[in-house]
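Undergrad: My structure is stored as target.txt, with compact mmCIF, N, CA and C atoms.
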# COMPACT_ATOMS: atom_id res chain seq x y z
N MET A 27 -7.06 10.14 -4.01
CA MET A 27 -5.82 10.04 -4.75
C MET A 27 -6.12 10.09 -6.25
N ASN A 28 -5.37 10.93 -6.95
CA ASN A 28 -5.44 10.93 -8.41
C ASN A 28 -4.01 10.94 -8.94
N VAL A 29 -3.86 10.77 -10.23
CA VAL A 29 -2.52 10.65 -10.83
C VAL A 29 -1.70 11.91 -10.61
N ASP A 30 -2.33 13.08 -10.70
CA ASP A 30 -1.58 14.33 -10.50
C ASP A 30 -1.02 14.42 -9.08
N TRP A 31 -1.85 14.08 -8.09
CA TRP A 31 -1.41 14.09 -6.70
C TRP A 31 -0.27 13.09 -6.51
N LEU A 32 -0.45 11.90 -7.06
CA LEU A 32 0.55 10.84 -6.94
C LEU A 32 1.88 11.26 -7.57
N ARG A 33 1.83 11.83 -8.76
CA ARG A 33 3.06 12.29 -9.45
C ARG A 33 3.76 13.36 -8.63
N GLU A 34 3.00 14.34 -8.14
CA GLU A 34 3.61 15.42 -7.36
C GLU A 34 4.29 14.87 -6.11
N LEU A 35 3.62 13.96 -5.43
CA LEU A 35 4.19 13.37 -4.22
C LEU A 35 5.44 12.55 -4.53
N CYS A 36 5.31 11.59 -5.42
CA CYS A 36 6.43 10.68 -5.70
C CYS A 36 7.64 11.40 -6.29
N LEU A 37 7.40 12.37 -7.15
CA LEU A 37 8.53 13.09 -7.75
C LEU A 37 9.16 14.09 -6.79
N SER A 38 8.54 14.31 -5.64
CA SER A 38 9.14 15.19 -4.62
C SER A 38 10.23 14.48 -3.83
N PHE A 39 10.30 13.15 -3.93
CA PHE A 39 11.33 12.39 -3.22
C PHE A 39 12.66 12.56 -3.95
N PRO A 40 13.77 12.66 -3.23
CA PRO A 40 15.08 12.88 -3.86
C PRO A 40 15.42 11.82 -4.90
N GLY A 41 15.76 12.26 -6.10
CA GLY A 41 16.19 11.35 -7.16
C GLY A 41 15.10 10.52 -7.79
N ALA A 42 13.84 10.76 -7.43
CA ALA A 42 12.73 9.98 -7.99
C ALA A 42 12.50 10.36 -9.45
N THR A 43 12.20 9.34 -10.26
CA THR A 43 11.90 9.55 -11.67
C THR A 43 10.61 8.82 -12.01
N GLU A 44 10.07 9.13 -13.17
CA GLU A 44 8.87 8.43 -13.63
C GLU A 44 9.14 7.86 -15.01
N GLN A 45 8.42 6.80 -15.34
CA GLN A 45 8.62 6.14 -16.62
C GLN A 45 7.36 5.36 -16.96
N ILE A 46 6.95 5.43 -18.23
CA ILE A 46 5.84 4.59 -18.71
C ILE A 46 6.44 3.26 -19.13
N GLN A 47 5.84 2.18 -18.64
CA GLN A 47 6.37 0.85 -18.95
C GLN A 47 5.20 -0.12 -19.07
N TRP A 48 5.42 -1.21 -19.74
CA TRP A 48 4.42 -2.27 -19.93
C TRP A 48 3.17 -1.74 -20.61
N GLY A 49 3.33 -0.79 -21.50
CA GLY A 49 2.21 -0.27 -22.27
C GLY A 49 1.55 0.95 -21.66
N TYR A 50 1.00 0.81 -20.46
CA TYR A 50 0.22 1.92 -19.91
C TYR A 50 0.42 2.10 -18.40
N ASP A 51 1.48 1.56 -17.84
CA ASP A 51 1.74 1.72 -16.41
C ASP A 51 2.74 2.84 -16.17
N LEU A 52 2.43 3.70 -15.22
CA LEU A 52 3.32 4.77 -14.82
C LEU A 52 4.10 4.29 -13.60
N LEU A 53 5.41 4.16 -13.77
CA LEU A 53 6.27 3.69 -12.69
C LEU A 53 7.02 4.86 -12.08
N PHE A 54 7.20 4.79 -10.77
CA PHE A 54 8.03 5.75 -10.06
C PHE A 54 9.24 4.98 -9.55
N LYS A 55 10.43 5.51 -9.85
CA LYS A 55 11.66 4.80 -9.56
C LYS A 55 12.65 5.69 -8.83
N VAL A 56 13.57 5.03 -8.14
CA VAL A 56 14.75 5.69 -7.60
C VAL A 56 15.93 4.78 -7.92
N GLY A 57 16.97 5.36 -8.47
CA GLY A 57 18.14 4.56 -8.85
C GLY A 57 17.82 3.45 -9.82
N GLY A 58 16.78 3.63 -10.65
CA GLY A 58 16.40 2.62 -11.63
C GLY A 58 15.52 1.51 -11.08
N LYS A 59 15.19 1.54 -9.80
CA LYS A 59 14.33 0.52 -9.17
C LYS A 59 12.99 1.14 -8.81
N MET A 60 11.91 0.44 -9.13
CA MET A 60 10.59 1.01 -8.88
C MET A 60 10.17 0.89 -7.42
N PHE A 61 9.45 1.93 -6.96
CA PHE A 61 8.90 1.91 -5.61
C PHE A 61 7.38 2.09 -5.62
N ALA A 62 6.81 2.44 -6.78
CA ALA A 62 5.34 2.54 -6.91
C ALA A 62 4.98 2.45 -8.39
N VAL A 63 3.79 1.94 -8.65
CA VAL A 63 3.31 1.82 -10.03
C VAL A 63 1.80 2.01 -10.05
N THR A 64 1.33 2.77 -11.03
CA THR A 64 -0.10 2.99 -11.20
C THR A 64 -0.46 2.85 -12.68
N PRO A 65 -1.56 2.19 -12.98
CA PRO A 65 -1.98 2.09 -14.39
C PRO A 65 -2.61 3.40 -14.84
N LEU A 66 -2.41 3.74 -16.10
CA LEU A 66 -3.01 4.96 -16.65
C LEU A 66 -4.31 4.67 -17.38
N GLU A 67 -4.68 3.40 -17.47
CA GLU A 67 -5.95 2.97 -18.04
C GLU A 67 -6.68 2.14 -17.00
N PRO A 68 -7.99 1.97 -17.12
CA PRO A 68 -8.73 1.17 -16.14
C PRO A 68 -8.09 -0.21 -15.94
N ALA A 69 -7.97 -0.61 -14.68
CA ALA A 69 -7.35 -1.90 -14.33
C ALA A 69 -7.93 -2.36 -13.00
N PRO A 70 -7.71 -3.63 -12.65
CA PRO A 70 -8.24 -4.15 -11.38
C PRO A 70 -7.65 -3.47 -10.14
N VAL A 71 -6.44 -2.94 -10.26
CA VAL A 71 -5.83 -2.21 -9.13
C VAL A 71 -5.42 -0.82 -9.62
N CYS A 72 -5.43 0.14 -8.70
CA CYS A 72 -5.13 1.51 -9.12
C CYS A 72 -3.76 1.99 -8.65
N LEU A 73 -3.11 1.27 -7.74
CA LEU A 73 -1.78 1.65 -7.27
C LEU A 73 -1.16 0.46 -6.56
N SER A 74 0.12 0.23 -6.81
CA SER A 74 0.87 -0.81 -6.09
C SER A 74 2.16 -0.19 -5.58
N PHE A 75 2.58 -0.63 -4.39
CA PHE A 75 3.82 -0.13 -3.82
C PHE A 75 4.37 -1.14 -2.81
N LYS A 76 5.66 -1.01 -2.52
CA LYS A 76 6.34 -1.91 -1.59
C LYS A 76 5.94 -1.56 -0.16
N ALA A 77 5.78 -2.59 0.66
CA ALA A 77 5.44 -2.40 2.07
C ALA A 77 6.42 -3.18 2.95
N SER A 78 6.58 -2.72 4.16
CA SER A 78 7.40 -3.48 5.11
C SER A 78 6.65 -4.76 5.45
N PRO A 79 7.35 -5.78 5.96
CA PRO A 79 6.65 -7.03 6.33
C PRO A 79 5.50 -6.79 7.31
N GLU A 80 5.69 -5.89 8.27
CA GLU A 80 4.63 -5.60 9.25
C GLU A 80 3.44 -4.91 8.57
N ASN A 81 3.75 -3.90 7.75
CA ASN A 81 2.67 -3.18 7.06
C ASN A 81 1.96 -4.07 6.04
N PHE A 82 2.70 -4.95 5.37
CA PHE A 82 2.11 -5.84 4.39
C PHE A 82 1.00 -6.67 5.04
N ALA A 83 1.29 -7.27 6.17
CA ALA A 83 0.31 -8.10 6.87
C ALA A 83 -0.90 -7.28 7.31
N GLU A 84 -0.64 -6.11 7.86
CA GLU A 84 -1.73 -5.26 8.36
C GLU A 84 -2.57 -4.70 7.21
N LEU A 85 -1.91 -4.22 6.18
CA LEU A 85 -2.63 -3.59 5.07
C LEU A 85 -3.50 -4.59 4.31
N THR A 86 -3.00 -5.79 4.10
CA THR A 86 -3.76 -6.77 3.30
C THR A 86 -4.99 -7.30 4.05
N GLU A 87 -5.12 -6.97 5.32
CA GLU A 87 -6.33 -7.33 6.06
C GLU A 87 -7.41 -6.28 5.90
N ARG A 88 -7.09 -5.15 5.31
CA ARG A 88 -8.04 -4.05 5.17
C ARG A 88 -8.83 -4.20 3.87
N PRO A 89 -10.04 -3.62 3.83
CA PRO A 89 -10.83 -3.69 2.61
C PRO A 89 -10.15 -2.95 1.45
N ASN A 90 -10.25 -3.50 0.26
CA ASN A 90 -9.73 -2.90 -0.97
C ASN A 90 -8.21 -2.79 -1.03
N VAL A 91 -7.51 -3.52 -0.17
CA VAL A 91 -6.05 -3.61 -0.24
C VAL A 91 -5.71 -5.09 -0.33
N ILE A 92 -4.98 -5.46 -1.38
CA ILE A 92 -4.66 -6.87 -1.62
C ILE A 92 -3.16 -7.03 -1.86
N PRO A 93 -2.67 -8.26 -1.74
CA PRO A 93 -1.28 -8.49 -2.17
C PRO A 93 -1.19 -8.16 -3.67
N ALA A 94 -0.18 -7.42 -4.06
CA ALA A 94 -0.06 -6.97 -5.44
C ALA A 94 0.18 -8.15 -6.38
N PRO A 95 -0.60 -8.22 -7.46
CA PRO A 95 -0.36 -9.28 -8.44
C PRO A 95 1.08 -9.24 -8.95
N TYR A 96 1.72 -10.39 -9.03
CA TYR A 96 3.09 -10.58 -9.52
C TYR A 96 4.16 -10.06 -8.56
N LEU A 97 3.80 -9.22 -7.61
CA LEU A 97 4.80 -8.61 -6.73
C LEU A 97 4.60 -8.92 -5.25
N ALA A 98 3.60 -9.70 -4.92
CA ALA A 98 3.29 -9.98 -3.52
C ALA A 98 4.44 -10.68 -2.79
N ARG A 99 5.16 -11.54 -3.49
CA ARG A 99 6.26 -12.25 -2.81
C ARG A 99 7.36 -11.29 -2.38
N ALA A 100 7.41 -10.10 -3.01
CA ALA A 100 8.37 -9.07 -2.60
C ALA A 100 7.70 -8.07 -1.65
N GLN A 101 6.53 -8.44 -1.14
CA GLN A 101 5.75 -7.67 -0.17
C GLN A 101 5.29 -6.32 -0.72
N TRP A 102 4.70 -6.38 -1.89
CA TRP A 102 4.05 -5.22 -2.47
C TRP A 102 2.55 -5.38 -2.25
N VAL A 103 1.87 -4.27 -1.99
CA VAL A 103 0.42 -4.26 -1.84
C VAL A 103 -0.18 -3.49 -3.01
N ALA A 104 -1.46 -3.74 -3.26
CA ALA A 104 -2.18 -3.06 -4.34
C ALA A 104 -3.49 -2.53 -3.80
N LEU A 105 -3.84 -1.32 -4.22
CA LEU A 105 -5.12 -0.72 -3.84
C LEU A 105 -6.12 -0.98 -4.95
N GLN A 106 -7.29 -1.49 -4.57
CA GLN A 106 -8.33 -1.77 -5.57
C GLN A 106 -9.21 -0.56 -5.84
N THR A 107 -9.20 0.40 -4.92
CA THR A 107 -9.94 1.65 -5.12
C THR A 107 -9.04 2.82 -4.75
N ARG A 108 -9.30 3.97 -5.34
CA ARG A 108 -8.47 5.15 -5.10
C ARG A 108 -8.61 5.68 -3.68
N ASP A 109 -9.69 5.33 -3.00
CA ASP A 109 -9.90 5.82 -1.63
C ASP A 109 -9.70 4.71 -0.59
N ALA A 110 -8.95 3.68 -0.94
CA ALA A 110 -8.72 2.56 -0.02
C ALA A 110 -7.96 3.00 1.24
N LEU A 111 -7.12 4.03 1.11
CA LEU A 111 -6.35 4.55 2.24
C LEU A 111 -6.49 6.07 2.27
N PRO A 112 -6.51 6.66 3.48
CA PRO A 112 -6.54 8.12 3.56
C PRO A 112 -5.27 8.72 2.94
N PRO A 113 -5.37 9.90 2.33
CA PRO A 113 -4.20 10.50 1.66
C PRO A 113 -2.97 10.64 2.54
N GLU A 114 -3.15 11.02 3.80
CA GLU A 114 -1.99 11.20 4.69
C GLU A 114 -1.27 9.87 4.92
N GLU A 115 -2.04 8.81 5.15
CA GLU A 115 -1.45 7.50 5.35
C GLU A 115 -0.79 6.99 4.08
N LEU A 116 -1.44 7.20 2.96
CA LEU A 116 -0.88 6.77 1.67
C LEU A 116 0.43 7.50 1.39
N ALA A 117 0.48 8.79 1.66
CA ALA A 117 1.71 9.56 1.45
C ALA A 117 2.84 9.00 2.31
N ARG A 118 2.54 8.66 3.55
CA ARG A 118 3.55 8.08 4.45
C ARG A 118 4.02 6.73 3.95
N LEU A 119 3.09 5.89 3.50
CA LEU A 119 3.44 4.56 3.00
C LEU A 119 4.26 4.63 1.71
N LEU A 120 3.94 5.59 0.85
CA LEU A 120 4.73 5.74 -0.38
C LEU A 120 6.14 6.21 -0.06
N ARG A 121 6.29 7.08 0.94
CA ARG A 121 7.64 7.51 1.32
C ARG A 121 8.40 6.32 1.92
N GLU A 122 7.73 5.49 2.70
CA GLU A 122 8.37 4.30 3.25
C GLU A 122 8.79 3.35 2.12
N SER A 123 7.96 3.21 1.11
CA SER A 123 8.30 2.37 -0.04
C SER A 123 9.57 2.91 -0.71
N TYR A 124 9.58 4.20 -0.97
CA TYR A 124 10.77 4.86 -1.55
C TYR A 124 12.00 4.60 -0.68
N ASP A 125 11.87 4.80 0.62
CA ASP A 125 13.00 4.63 1.54
C ASP A 125 13.53 3.19 1.54
N MET A 126 12.62 2.21 1.50
CA MET A 126 13.05 0.80 1.49
C MET A 126 13.80 0.47 0.21
N VAL A 127 13.31 0.95 -0.92
CA VAL A 127 13.97 0.69 -2.20
C VAL A 127 15.31 1.43 -2.25
N PHE A 128 15.33 2.67 -1.81
CA PHE A 128 16.57 3.46 -1.79
C PHE A 128 17.64 2.77 -0.93
N ALA A 129 17.24 2.25 0.23
CA ALA A 129 18.18 1.62 1.15
C ALA A 129 18.84 0.37 0.56
N ARG A 130 18.18 -0.28 -0.38
CA ARG A 130 18.73 -1.51 -0.99
C ARG A 130 19.56 -1.24 -2.25
N LEU A 131 19.62 0.02 -2.66
CA LEU A 131 20.44 0.36 -3.83
C LEU A 131 21.92 0.22 -3.49
N PRO A 132 22.75 -0.07 -4.48
CA PRO A 132 24.20 -0.08 -4.23
C PRO A 132 24.65 1.29 -3.71
N ARG A 133 25.65 1.28 -2.87
CA ARG A 133 26.12 2.50 -2.23
C ARG A 133 26.47 3.60 -3.25
N LYS A 134 27.09 3.20 -4.34
CA LYS A 134 27.48 4.16 -5.37
C LYS A 134 26.26 4.91 -5.92
N ILE A 135 25.17 4.20 -6.14
CA ILE A 135 23.95 4.83 -6.66
C ILE A 135 23.30 5.69 -5.57
N ARG A 136 23.26 5.19 -4.32
CA ARG A 136 22.71 6.00 -3.23
C ARG A 136 23.47 7.31 -3.09
N ASP A 137 24.80 7.23 -3.18
CA ASP A 137 25.62 8.45 -3.07
C ASP A 137 25.31 9.41 -4.22
N ALA A 138 25.15 8.89 -5.43
CA ALA A 138 24.86 9.74 -6.58
C ALA A 138 23.50 10.43 -6.41
N VAL A 139 22.51 9.69 -5.94
CA VAL A 139 21.19 10.27 -5.71
C VAL A 139 21.27 11.33 -4.62
N SER A 140 22.00 11.05 -3.56
CA SER A 140 22.14 12.01 -2.46
C SER A 140 22.84 13.28 -2.90
N ARG A 141 23.86 13.14 -3.75
CA ARG A 141 24.58 14.32 -4.24
C ARG A 141 23.73 15.14 -5.20
N ALA A 142 22.88 14.50 -5.96
CA ALA A 142 22.06 15.20 -6.95
C ALA A 142 21.00 16.07 -6.29
N LYS A 143 20.55 15.72 -5.11
CA LYS A 143 19.48 16.44 -4.44
C LYS A 143 19.80 17.92 -4.25
N PRO A 144 20.92 18.30 -3.61
CA PRO A 144 21.18 19.73 -3.42
C PRO A 144 21.37 20.46 -4.74
N LEU A 145 21.95 19.81 -5.75
CA LEU A 145 22.14 20.46 -7.03
C LEU A 145 20.80 20.81 -7.67
N ALA A 146 19.85 19.90 -7.60
CA ALA A 146 18.52 20.16 -8.17
C ALA A 146 17.87 21.33 -7.44
N ARG A 147 18.03 21.38 -6.13
CA ARG A 147 17.45 22.47 -5.36
C ARG A 147 18.10 23.79 -5.74
N LYS A 148 19.43 23.81 -5.90
CA LYS A 148 20.13 25.04 -6.28
C LYS A 148 19.68 25.51 -7.66
N ALA A 149 19.53 24.59 -8.60
CA ALA A 149 19.09 24.95 -9.94
C ALA A 149 17.69 25.54 -9.89
N ARG A 150 16.81 24.94 -9.10
CA ARG A 150 15.45 25.43 -8.97
C ARG A 150 15.45 26.82 -8.34
N ASP A 151 16.25 27.00 -7.26
CA ASP A 151 16.34 28.30 -6.59
C ASP A 151 16.88 29.36 -7.55
N LYS A 152 17.86 28.99 -8.37
CA LYS A 152 18.45 29.92 -9.32
C LYS A 152 17.40 30.37 -10.33
N LYS A 153 16.62 29.43 -10.85
CA LYS A 153 15.57 29.78 -11.81
C LYS A 153 14.54 30.70 -11.17
N THR A 154 14.18 30.42 -9.91
CA THR A 154 13.20 31.25 -9.20
C THR A 154 13.74 32.66 -9.04
N SER A 155 15.00 32.80 -8.63
CA SER A 155 15.57 34.13 -8.41
C SER A 155 15.74 34.86 -9.74
N GLU A 156 16.02 34.14 -10.84
CA GLU A 156 16.11 34.78 -12.15
C GLU A 156 14.77 35.34 -12.59
N LYS A 157 13.68 34.63 -12.27
CA LYS A 157 12.35 35.11 -12.63
C LYS A 157 11.98 36.35 -11.83
N GLU A 158 12.44 36.39 -10.57
CA GLU A 158 12.09 37.51 -9.70
C GLU A 158 12.94 38.75 -10.00
N THR A 159 14.10 38.58 -10.61
CA THR A 159 14.98 39.70 -10.89
C THR A 159 14.47 40.45 -12.12
N PRO A 160 14.24 41.79 -11.99
CA PRO A 160 13.78 42.54 -13.16
C PRO A 160 14.86 42.61 -14.22
N ALA A 161 14.46 42.60 -15.49
CA ALA A 161 15.41 42.61 -16.60
C ALA A 161 15.94 43.97 -16.90
Show how you would write the structure in this file as C-alpha cells.
TA:
Amino acid sequence: MNVDWLRELCLSFPGATEQIQWGYDLLFKVGGKMFAVTPLEPAPVCLSFKASPENFAELTERPNVIPAPYLARAQWVALQTRDALPPEELARLLRESYDMVFARLPRKIRDAVSRAKPLARKARDKKTSEKETPA
C-alpha cells in the first residue's frame, strides 16, 4: 500500500473527497465524515479506518494492527506497517469503512451523494468522448 494506491481506491468511492487536516494527515471523507486517514509524514501508524465490531476484534488480534489512537472507542483500527494487510483485503475493508460511514449520514446527504454519482460519470464520459472526437 502506498499513498497513490490509497488515494485512487478511496476516491473511486461515490462522493468520496480528500482533505489535509491536523497538519499532515490526509483524510478521506464522504458527506463530510471521515472513513480513512493516513499521515503524510512518518508516524507510528500508517493508516486508520473504521471497522465493524466483528472485524475490529479480529483485526486487532493480528500483528501490526492495533486499535486506532483516539478513535478506538468508535471501532477504528490502525496499521503499524504498510504491509500489515494484503491489498485485496485492505481494499475490501476500506470499502466497508466507507459504507458504514455513508450509512450513518443523514438521509438528505446520502441522497445528494447518490445523485452526484451519475452526474460525475456523465461529465467524465463527456470529456472522454470530446477528446476522442477529431476537431
Undergrad: Hey, can I get the axis-aligned box for range 37-44 of chain A? All listed atoms, 5 Å padding on each side, centre and edge lengths in Å to one decimal, as lines of an AutoDock Vina configuration file.
TA:
center_x = 11.8
center_y = 11.5
center_z = -9.1
size_x = 18.8
size_y = 17.3
size_z = 21.8
Undergrad: Write out as a ChimeraX atom specification all residues of range 35-154 of chain A that DSSP puts in alpha helix (DSSP H) for this structure's backbone.
TA: /A:35-37,79-85,113-129,133-154
Undergrad: Of the residues A:Pro89, A:Cys36, A:Ser140, A:Arg99, which is the one nearest to Leu111 in chain A, using only N, CA and C atoms?
TA: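 Of A:Pro89, A:Cys36, A:Ser140, A:Arg99, the one nearest Leu111 in chain A, counting only N, CA and C atoms, is A:Pro89.
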Undergrad: If we count all atoms listed in the file and set the cut-off at 7 Å, which residues sit around range 80-82 of chain A, ignoring sequence neighbours fewer than 2 positions away in its own chain? Please answer as a ChimeraX atom specification.
TA: /A:77-78,84-87,101-103
Undergrad: Mind giving me the straight-line distance from atom N of Thr64 in chain A to CA of Arg121 in chain A in Å, one decimal?
TA: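 For atom N of Thr64 in chain A relative to CA of Arg121 in chain A, the distance reads 14.7 Å.
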Undergrad: Add whatever atoms are absent from range 55-79 of chain A to reach N, CA, C and O atoms, and provide the output as a PDB file, in the frame of the given file.
TA:
ATOM      1  N   LYS A  55      10.430   5.510  -9.850  1.00  0.00           N
ATOM      2  CA  LYS A  55      11.660   4.800  -9.560  1.00  0.00           C
ATOM      3  C   LYS A  55      12.650   5.690  -8.830  1.00  0.00           C
ATOM      4  O   LYS A  55      12.596   6.909  -8.931  1.00  0.00           O
ATOM      5  N   VAL A  56      13.570   5.030  -8.140  1.00  0.00           N
ATOM      6  CA  VAL A  56      14.750   5.690  -7.600  1.00  0.00           C
ATOM      7  C   VAL A  56      15.930   4.780  -7.920  1.00  0.00           C
ATOM      8  O   VAL A  56      15.859   3.575  -7.695  1.00  0.00           O
ATOM      9  N   GLY A  57      16.970   5.360  -8.470  1.00  0.00           N
ATOM     10  CA  GLY A  57      18.140   4.560  -8.850  1.00  0.00           C
ATOM     11  C   GLY A  57      17.820   3.450  -9.820  1.00  0.00           C
ATOM     12  O   GLY A  57      18.473   2.411  -9.826  1.00  0.00           O
ATOM     13  N   GLY A  58      16.780   3.630 -10.650  1.00  0.00           N
ATOM     14  CA  GLY A  58      16.400   2.620 -11.630  1.00  0.00           C
ATOM     15  C   GLY A  58      15.520   1.510 -11.080  1.00  0.00           C
ATOM     16  O   GLY A  58      15.128   0.603 -11.818  1.00  0.00           O
ATOM     17  N   LYS A  59      15.190   1.540  -9.800  1.00  0.00           N
ATOM     18  CA  LYS A  59      14.330   0.520  -9.170  1.00  0.00           C
ATOM     19  C   LYS A  59      12.990   1.140  -8.810  1.00  0.00           C
ATOM     20  O   LYS A  59      12.928   2.221  -8.229  1.00  0.00           O
ATOM     21  N   MET A  60      11.910   0.440  -9.130  1.00  0.00           N
ATOM     22  CA  MET A  60      10.590   1.010  -8.880  1.00  0.00           C
ATOM     23  C   MET A  60      10.170   0.890  -7.420  1.00  0.00           C
ATOM     24  O   MET A  60      10.498  -0.084  -6.741  1.00  0.00           O
ATOM     25  N   PHE A  61       9.450   1.930  -6.960  1.00  0.00           N
ATOM     26  CA  PHE A  61       8.900   1.910  -5.610  1.00  0.00           C
ATOM     27  C   PHE A  61       7.380   2.090  -5.620  1.00  0.00           C
ATOM     28  O   PHE A  61       6.726   1.896  -4.607  1.00  0.00           O
ATOM     29  N   ALA A  62       6.810   2.440  -6.780  1.00  0.00           N
ATOM     30  CA  ALA A  62       5.340   2.540  -6.910  1.00  0.00           C
ATOM     31  C   ALA A  62       4.980   2.450  -8.390  1.00  0.00           C
ATOM     32  O   ALA A  62       5.774   2.833  -9.247  1.00  0.00           O
ATOM     33  N   VAL A  63       3.790   1.940  -8.650  1.00  0.00           N
ATOM     34  CA  VAL A  63       3.310   1.820 -10.030  1.00  0.00           C
ATOM     35  C   VAL A  63       1.800   2.010 -10.050  1.00  0.00           C
ATOM     36  O   VAL A  63       1.097   1.525  -9.160  1.00  0.00           O
ATOM     37  N   THR A  64       1.330   2.770 -11.030  1.00  0.00           N
ATOM     38  CA  THR A  64      -0.100   2.990 -11.200  1.00  0.00           C
ATOM     39  C   THR A  64      -0.460   2.850 -12.680  1.00  0.00           C
ATOM     40  O   THR A  64       0.288   3.319 -13.539  1.00  0.00           O
ATOM     41  N   PRO A  65      -1.560   2.190 -12.980  1.00  0.00           N
ATOM     42  CA  PRO A  65      -1.980   2.090 -14.390  1.00  0.00           C
ATOM     43  C   PRO A  65      -2.610   3.400 -14.840  1.00  0.00           C
ATOM     44  O   PRO A  65      -3.271   4.088 -14.055  1.00  0.00           O
ATOM     45  N   LEU A  66      -2.410   3.740 -16.100  1.00  0.00           N
ATOM     46  CA  LEU A  66      -3.010   4.960 -16.650  1.00  0.00           C
ATOM     47  C   LEU A  66      -4.310   4.670 -17.380  1.00  0.00           C
ATOM     48  O   LEU A  66      -4.954   5.582 -17.877  1.00  0.00           O
ATOM     49  N   GLU A  67      -4.680   3.400 -17.470  1.00  0.00           N
ATOM     50  CA  GLU A  67      -5.950   2.970 -18.040  1.00  0.00           C
ATOM     51  C   GLU A  67      -6.680   2.140 -17.000  1.00  0.00           C
ATOM     52  O   GLU A  67      -6.057   1.646 -16.058  1.00  0.00           O
ATOM     53  N   PRO A  68      -7.990   1.970 -17.120  1.00  0.00           N
ATOM     54  CA  PRO A  68      -8.730   1.170 -16.140  1.00  0.00           C
ATOM     55  C   PRO A  68      -8.090  -0.210 -15.940  1.00  0.00           C
ATOM     56  O   PRO A  68      -7.697  -0.869 -16.908  1.00  0.00           O
ATOM     57  N   ALA A  69      -7.970  -0.610 -14.680  1.00  0.00           N
ATOM     58  CA  ALA A  69      -7.350  -1.900 -14.330  1.00  0.00           C
ATOM     59  C   ALA A  69      -7.930  -2.360 -13.000  1.00  0.00           C
ATOM     60  O   ALA A  69      -8.543  -1.570 -12.276  1.00  0.00           O
ATOM     61  N   PRO A  70      -7.710  -3.630 -12.650  1.00  0.00           N
ATOM     62  CA  PRO A  70      -8.240  -4.150 -11.380  1.00  0.00           C
ATOM     63  C   PRO A  70      -7.650  -3.470 -10.140  1.00  0.00           C
ATOM     64  O   PRO A  70      -8.268  -3.457  -9.085  1.00  0.00           O
ATOM     65  N   VAL A  71      -6.440  -2.940 -10.260  1.00  0.00           N
ATOM     66  CA  VAL A  71      -5.830  -2.210  -9.130  1.00  0.00           C
ATOM     67  C   VAL A  71      -5.420  -0.820  -9.620  1.00  0.00           C
ATOM     68  O   VAL A  71      -5.115  -0.625 -10.787  1.00  0.00           O
ATOM     69  N   CYS A  72      -5.430   0.140  -8.700  1.00  0.00           N
ATOM     70  CA  CYS A  72      -5.130   1.510  -9.120  1.00  0.00           C
ATOM     71  C   CYS A  72      -3.760   1.990  -8.650  1.00  0.00           C
ATOM     72  O   CYS A  72      -3.274   3.008  -9.141  1.00  0.00           O
ATOM     73  N   LEU A  73      -3.110   1.270  -7.740  1.00  0.00           N
ATOM     74  CA  LEU A  73      -1.780   1.650  -7.270  1.00  0.00           C
ATOM     75  C   LEU A  73      -1.160   0.460  -6.560  1.00  0.00           C
ATOM     76  O   LEU A  73      -1.836  -0.225  -5.802  1.00  0.00           O
ATOM     77  N   SER A  74       0.120   0.230  -6.810  1.00  0.00           N
ATOM     78  CA  SER A  74       0.870  -0.810  -6.090  1.00  0.00           C
ATOM     79  C   SER A  74       2.160  -0.190  -5.580  1.00  0.00           C
ATOM     80  O   SER A  74       2.747   0.668  -6.234  1.00  0.00           O
ATOM     81  N   PHE A  75       2.580  -0.630  -4.390  1.00  0.00           N
ATOM     82  CA  PHE A  75       3.820  -0.130  -3.820  1.00  0.00           C
ATOM     83  C   PHE A  75       4.370  -1.140  -2.810  1.00  0.00           C
ATOM     84  O   PHE A  75       3.655  -2.015  -2.331  1.00  0.00           O
ATOM     85  N   LYS A  76       5.660  -1.010  -2.520  1.00  0.00           N
ATOM     86  CA  LYS A  76       6.340  -1.910  -1.590  1.00  0.00           C
ATOM     87  C   LYS A  76       5.940  -1.560  -0.160  1.00  0.00           C
ATOM     88  O   LYS A  76       5.782  -0.390   0.171  1.00  0.00           O
ATOM     89  N   ALA A  77       5.780  -2.590   0.660  1.00  0.00           N
ATOM     90  CA  ALA A  77       5.440  -2.400   2.070  1.00  0.00           C
ATOM     91  C   ALA A  77       6.420  -3.180   2.950  1.00  0.00           C
ATOM     92  O   ALA A  77       7.009  -4.166   2.502  1.00  0.00           O
ATOM     93  N   SER A  78       6.580  -2.720   4.160  1.00  0.00           N
ATOM     94  CA  SER A  78       7.400  -3.480   5.110  1.00  0.00           C
ATOM     95  C   SER A  78       6.650  -4.760   5.450  1.00  0.00           C
ATOM     96  O   SER A  78       5.429  -4.841   5.276  1.00  0.00           O
ATOM     97  N   PRO A  79       7.350  -5.780   5.960  1.00  0.00           N
ATOM     98  CA  PRO A  79       6.650  -7.030   6.330  1.00  0.00           C
ATOM     99  C   PRO A  79       5.500  -6.790   7.310  1.00  0.00           C
ATOM    100  O   PRO A  79       4.425  -7.382   7.163  1.00  0.00           O
TER     101      PRO A  79
END
